[in-house]
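What follows is data.csv (CSV, C-alpha atoms).
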```
chain,number,residue,atom,x,y,z
G,120,MET,CA,0.0,0.0,0.0
G,121,LYS,CA,1.6,3.3,-1.0
G,122,ILE,CA,-0.8,6.2,-1.0
G,123,VAL,CA,0.9,9.4,-0.2
G,124,SER,CA,-1.0,12.6,0.5
G,125,THR,CA,0.0,15.9,-1.1
G,126,LYS,CA,-0.8,19.3,0.3
G,127,ASP,CA,-3.0,19.9,-2.8
G,128,ASN,CA,-5.5,17.2,-1.6
G,129,LEU,CA,-5.1,17.8,2.1
G,130,ASP,CA,-8.5,17.9,3.8
G,131,VAL,CA,-8.2,20.4,6.6
G,132,LEU,CA,-11.1,20.2,9.1
G,133,TYR,CA,-10.0,22.9,11.6
G,134,GLU,CA,-7.1,25.3,11.9
G,135,ASP,CA,-6.0,28.1,14.1
G,136,ASN,CA,-2.7,29.5,15.5
G,137,HIS,CA,-2.2,26.5,17.9
G,138,ILE,CA,-3.7,23.4,16.3
G,139,ILE,CA,-4.6,21.9,13.0
G,140,VAL,CA,-7.0,19.0,12.3
G,141,VAL,CA,-7.0,17.0,9.1
G,142,ASN,CA,-9.1,14.2,7.6
G,143,LYS,CA,-6.6,11.3,7.0
G,144,ARG,CA,-7.0,9.2,3.9
G,145,VAL,CA,-6.6,5.4,3.6
G,146,GLY,CA,-2.9,4.6,3.2
G,147,ASP,CA,-1.5,7.7,4.8
G,148,ILE,CA,1.0,7.3,7.7
G,149,VAL,CA,0.7,9.9,10.4
G,150,GLN,CA,4.4,9.9,11.3
G,151,GLY,CA,7.5,8.6,9.4
G,152,ASP,CA,8.3,4.9,9.7
G,153,LYS,CA,10.5,2.2,8.3
G,154,THR,CA,8.7,2.2,4.9
G,155,GLY,CA,10.2,5.6,4.1
G,156,ASP,CA,6.9,6.8,2.7
G,157,LYS,CA,6.1,10.5,3.1
G,158,PRO,CA,4.2,11.0,6.4
G,159,LEU,CA,1.1,13.1,6.8
G,160,SER,CA,3.0,15.3,9.3
G,161,ASP,CA,5.4,16.4,6.5
G,162,VAL,CA,2.5,17.1,4.2
G,163,VAL,CA,0.9,19.3,6.8
G,164,LYS,CA,4.2,21.1,7.4
G,165,GLU,CA,4.4,21.9,3.6
G,166,TYR,CA,0.8,23.1,3.6
G,167,LEU,CA,1.5,25.5,6.5
G,168,LYS,CA,4.8,26.7,5.1
G,169,GLU,CA,3.2,27.6,1.8
G,170,LYS,CA,0.0,29.0,3.1
G,171,TYR,CA,1.7,31.4,5.6
G,172,ASN,CA,4.9,31.9,3.6
G,173,LYS,CA,7.0,30.7,6.5
G,174,PRO,CA,10.8,30.8,6.2
G,175,GLY,CA,12.8,27.9,7.6
G,176,ASN,CA,11.4,24.9,9.4
G,177,VAL,CA,7.7,24.7,10.4
G,178,TYR,CA,6.9,23.4,13.9
G,179,LEU,CA,4.4,20.6,14.0
G,180,GLY,CA,3.8,18.3,17.0
G,181,VAL,CA,2.3,14.8,16.5
G,182,VAL,CA,-0.3,14.3,19.2
G,183,HIS,CA,-1.8,10.9,18.3
G,184,ARG,CA,-1.9,8.4,15.5
G,185,LEU,CA,-4.3,6.4,13.4
G,186,ASP,CA,-3.5,3.1,11.8
G,187,ARG,CA,-2.4,3.3,8.2
G,188,PRO,CA,-5.6,1.6,6.8
G,189,THR,CA,-7.9,3.7,8.9
G,190,THR,CA,-9.4,7.1,7.9
G,191,GLY,CA,-10.5,10.2,9.8
G,192,ILE,CA,-9.5,12.8,12.3
G,193,VAL,CA,-5.9,13.5,13.1
G,194,LEU,CA,-5.0,16.4,15.4
G,195,PHE,CA,-1.6,18.1,15.3
G,196,ALA,CA,-0.1,20.9,17.5
G,197,ARG,CA,1.2,24.0,15.7
G,198,THR,CA,3.0,25.4,18.7
G,199,SER,CA,5.2,24.1,21.5
G,200,LYS,CA,2.8,25.6,23.9
G,201,ALA,CA,-0.1,23.5,22.6
G,202,LEU,CA,1.7,20.2,22.3
G,203,PRO,CA,2.2,19.2,26.0
G,204,ARG,CA,-1.3,20.4,26.8
G,205,LEU,CA,-2.8,18.2,24.1
G,206,ASN,CA,-0.6,15.3,25.2
G,207,ASP,CA,-2.0,15.7,28.7
G,208,LEU,CA,-5.6,15.8,27.3
G,209,PHE,CA,-5.1,12.4,25.5
G,210,LYS,CA,-3.1,10.9,28.4
G,211,ASN,CA,-5.8,11.8,31.0
G,212,ARG,CA,-8.6,10.7,28.7
G,213,GLU,CA,-10.1,14.2,28.5
G,214,THR,CA,-11.0,13.8,24.9
G,215,GLN,CA,-14.0,12.0,23.5
G,216,LYS,CA,-13.2,10.0,20.4
G,217,THR,CA,-16.0,8.5,18.3
G,218,TYR,CA,-15.4,6.1,15.5
G,219,TRP,CA,-17.6,4.5,12.8
G,220,ALA,CA,-16.9,0.9,11.9
G,221,VAL,CA,-18.5,-1.3,9.2
G,222,VAL,CA,-18.9,-5.0,10.0
G,223,LYS,CA,-20.5,-7.9,8.1
G,224,ASN,CA,-21.4,-10.0,11.1
G,225,LYS,CA,-24.0,-8.4,13.3
G,226,PRO,CA,-23.0,-8.2,17.0
G,227,LYS,CA,-25.3,-10.1,19.3
G,228,LYS,CA,-26.4,-6.9,21.1
G,229,GLU,CA,-27.6,-3.7,19.5
G,230,THR,CA,-25.5,-1.8,22.0
G,231,ASP,CA,-22.9,-3.0,24.5
G,232,THR,CA,-19.8,-2.2,26.5
G,233,LEU,CA,-16.8,-4.4,25.7
G,234,VAL,CA,-14.0,-5.0,28.2
G,235,HIS,CA,-11.0,-7.1,27.2
G,236,TYR,CA,-7.3,-7.4,28.1
G,237,LEU,CA,-5.2,-6.8,25.1
G,238,LYS,CA,-1.8,-8.3,24.6
G,239,ARG,CA,0.4,-6.9,21.9
G,240,ASN,CA,2.5,-9.0,19.6
G,241,GLU,CA,5.3,-6.7,18.3
G,242,LYS,CA,6.4,-9.3,15.7
G,243,SER,CA,3.1,-9.5,13.9
G,244,ASN,CA,2.0,-5.9,14.9
G,245,THR,CA,-1.3,-7.2,16.3
G,246,SER,CA,-3.1,-7.2,19.6
G,247,ARG,CA,-5.0,-10.1,20.9
G,248,ALA,CA,-8.1,-9.6,23.0
G,249,HIS,CA,-8.5,-11.8,26.1
G,250,VAL,CA,-11.6,-12.0,28.3
G,251,LYS,CA,-9.4,-12.3,31.4
G,252,GLU,CA,-6.2,-10.6,32.3
G,253,VAL,CA,-3.0,-12.3,31.1
G,254,PRO,CA,0.6,-11.4,31.6
G,255,ASN,CA,1.7,-8.2,29.9
G,256,SER,CA,-1.9,-7.3,28.9
G,257,LYS,CA,-3.6,-4.0,29.2
G,258,LYS,CA,-7.3,-3.4,30.0
G,259,ALA,CA,-9.3,-2.1,27.1
G,260,SER,CA,-12.8,-0.7,27.2
G,261,LEU,CA,-15.2,0.7,24.6
G,262,ASP,CA,-18.9,0.9,23.9
G,263,TYR,CA,-20.7,0.5,20.6
G,264,THR,CA,-24.1,1.0,19.1
G,265,ILE,CA,-25.5,-0.3,15.8
G,266,ILE,CA,-26.5,3.0,14.1
G,267,LYS,CA,-27.4,1.7,10.6
G,268,THR,CA,-28.2,-1.5,8.8
G,269,LEU,CA,-27.1,-1.7,5.2
G,270,ASN,CA,-27.8,-4.5,2.6
G,271,ASN,CA,-24.9,-6.7,3.7
G,272,TYR,CA,-23.3,-4.8,6.6
G,273,TYR,CA,-23.8,-3.1,9.9
G,274,VAL,CA,-22.5,0.3,10.9
G,275,LEU,CA,-21.3,0.7,14.5
G,276,GLU,CA,-20.6,3.9,16.3
G,277,VAL,CA,-17.8,3.2,18.8
G,278,ASN,CA,-16.7,5.3,21.7
G,279,LEU,CA,-13.3,4.6,23.2
G,280,HIS,CA,-12.8,4.6,27.0
G,281,THR,CA,-9.1,3.6,26.6
G,282,GLY,CA,-6.6,4.1,23.7
G,283,ARG,CA,-4.9,0.7,23.2
G,284,HIS,CA,-3.0,-0.6,20.1
G,285,HIS,CA,-5.5,-1.8,17.5
G,286,GLN,CA,-8.2,-1.7,20.2
G,287,ILE,CA,-11.3,-1.4,18.1
G,288,ARG,CA,-10.0,-3.8,15.5
G,289,SER,CA,-9.2,-6.5,18.0
G,290,GLN,CA,-12.2,-6.1,20.3
G,291,LEU,CA,-14.7,-6.2,17.5
G,292,SER,CA,-12.9,-9.2,16.1
G,293,ALA,CA,-13.1,-10.9,19.5
G,294,ILE,CA,-16.9,-10.7,19.4
G,295,GLY,CA,-17.0,-12.2,15.9
G,296,SER,CA,-17.5,-8.9,14.1
G,297,PRO,CA,-14.2,-8.0,12.3
G,298,ILE,CA,-14.1,-4.8,10.4
G,299,LYS,CA,-14.7,-4.9,6.7
G,300,GLY,CA,-11.4,-5.3,4.8
G,301,ASP,CA,-9.4,-6.1,8.0
G,302,LEU,CA,-7.6,-9.3,7.0
G,303,LYS,CA,-5.3,-9.0,10.0
G,304,TYR,CA,-8.3,-9.4,12.4
G,305,GLY,CA,-10.3,-12.1,10.6
G,306,PHE,CA,-12.3,-10.4,7.8
G,307,ASP,CA,-12.4,-12.8,4.8
G,308,ARG,CA,-11.2,-10.4,2.0
G,309,SER,CA,-9.4,-7.1,1.6
G,310,ASN,CA,-10.8,-3.8,0.3
G,311,PRO,CA,-9.6,-2.8,-3.2
G,312,ASP,CA,-7.8,0.3,-1.7
G,313,GLY,CA,-6.0,-1.8,1.0
G,314,GLY,CA,-7.8,0.0,3.7
G,315,ILE,CA,-10.4,-1.0,6.3
G,316,HIS,CA,-13.8,0.4,7.1
G,317,LEU,CA,-12.9,2.1,10.3
G,318,HIS,CA,-13.2,5.9,10.4
G,319,ALA,CA,-12.3,8.3,13.2
G,320,ARG,CA,-15.6,10.3,12.9
G,321,LYS,CA,-15.6,12.8,15.7
G,322,LEU,CA,-13.2,14.3,18.3
G,323,GLU,CA,-14.4,16.4,21.2
G,324,PHE,CA,-12.0,18.3,23.5
G,325,ILE,CA,-11.2,21.6,25.2
G,326,HIS,CA,-8.8,23.8,23.1
G,327,PRO,CA,-5.5,23.7,24.9
G,328,VAL,CA,-5.0,27.5,24.7
G,329,THR,CA,-8.3,29.2,24.2
G,330,LYS,CA,-10.2,26.7,26.3
G,331,GLU,CA,-13.0,26.7,23.7
G,332,HIS,CA,-15.1,23.5,23.6
G,333,LEU,CA,-14.5,22.0,20.2
G,334,VAL,CA,-16.4,19.2,18.4
G,335,ILE,CA,-14.8,18.3,15.1
G,336,THR,CA,-16.4,15.9,12.6
G,337,ALA,CA,-14.7,14.2,9.6
G,338,PRO,CA,-16.7,13.4,6.5
G,339,VAL,CA,-16.6,9.7,5.5
G,340,PRO,CA,-14.5,8.5,2.5
G,341,ASN,CA,-16.1,8.6,-0.9
G,342,ASP,CA,-16.9,5.0,-1.4
G,343,THR,CA,-20.3,3.3,-2.0
G,344,ILE,CA,-20.6,1.8,1.5
G,345,TRP,CA,-19.6,4.9,3.4
G,346,GLN,CA,-21.8,7.1,1.3
G,347,SER,CA,-24.8,4.8,2.2
G,348,VAL,CA,-24.4,5.6,5.9
```

Please lay out the structure from this file as structure tokens.
Amino acid sequence: MKIVSTKDNLDVLYEDNHIIVVNKRVGDIVQGDKTGDKPLSDVVKEYLKEKYNKPGNVYLGVVHRLDRPTTGIVLFARTSKALPRLNDLFKNRETQKTYWAVVKNKPKKETDTLVHYLKRNEKSNTSRAHVKEVPNSKKASLDYTIIKTLNNYYVLEVNLHTGRHHQIRSQLSAIGSPIKGDLKYGFDRSNPDGGIHLHARKLEFIHPVTKEHLVITAPVPNDTIWQSV
């Protein structure tokens, strides 16, 4: 998978002097990794440099990440004042993150709270959900609600209580409802674009500097299933 954003197709959802929020596409990596592909952070820097005609390097702080096959909201800090404050918001769970996920197998309950213990496998870059605590596992909690029934799929709205590695992907897989396209967690076939139908839909938080209450929503990708939601 090699889809690299350019500043020309960057979807900016919110921007002020201290923060910038963008809508990540399938295939974008938020921060540089071993693939060497151009990260979204560099694209945002280029956008800011050009828009504001900034000389020299542009400051940008990475606050959180989304998995490469996932789409939706990514928040960056534009100042060194905002970054530690945003880090604290995420660390102390003072943000409300809402995701939409498309699954083929209907969960047994229309709405439920899932609690598992996730154990990460660095070698395979996966997390396995256990019902009971196991050595080196971390407690993971979320709630979901079925918000729409499509012809062959169900759309879930997911609210995270914790922020674990591959949490939504592994927890939904554990209840028999892997996300569409997610081969790594048990879906039977990949999506044509190499992504999965998991979208960071909404982010709610208090602005780190102005203290304004912000609710930011990301439009869904332009594909047939998402456009049916």

task = Kindly give the distance, in Å, that separates CA of Thr230 in chain G and CA of Tyr263 in chain G, rounded to a single decimal.
result =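 Here the two named atoms are 5.5 Å from each other.
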
ask   = Got a sec: who's within 12 Å of Tyr171 in chain G, counting all atoms listed in the file, leaving out chain neighbours fewer than 5 positions off, as a ChimeraX atom specification?
value = /G:135-136,164-166,177

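Among the candidates G:Ser309, G:Ser243, G:Ser296, G:Asn172, the residue lying nearest to Leu275 in chain G is G:Ser296 (atoms considered: only C-alpha atoms).
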
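Considering the residues G:Leu233, G:Val253, G:Val149, G:Leu159 and counting all atoms listed in the file, Leu129 in chain G has its shortest atom-to-atom contact with G:Leu159.
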
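Between CA of Gly191 in chain G and CA of Leu322 in chain G lies a distance of 9.8 Å.
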
request  = Find the distance between CA of His183 in chain G and CA of Pro158 in chain G and write it in Å to one decimal.
outcome  =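 So the answer is 13.3 Å.
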
ask   = Do you know which residues are at most 12 Å from Phe306 in chain G counting only C-alpha atoms, after dropping those on the same chain fewer than 5 positions away, and could you put them as a VMD selection string?
value = chain G and resid 221 to 224 288 to 289 291 to 293 295 to 301 315 to 316

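Of the residues listed (G:Lys170, G:Lys216, G:Lys242, G:His235), G:His235 shows the shortest atom-to-atom separation from Ser256 in chain G; distances use all atoms listed in the file.
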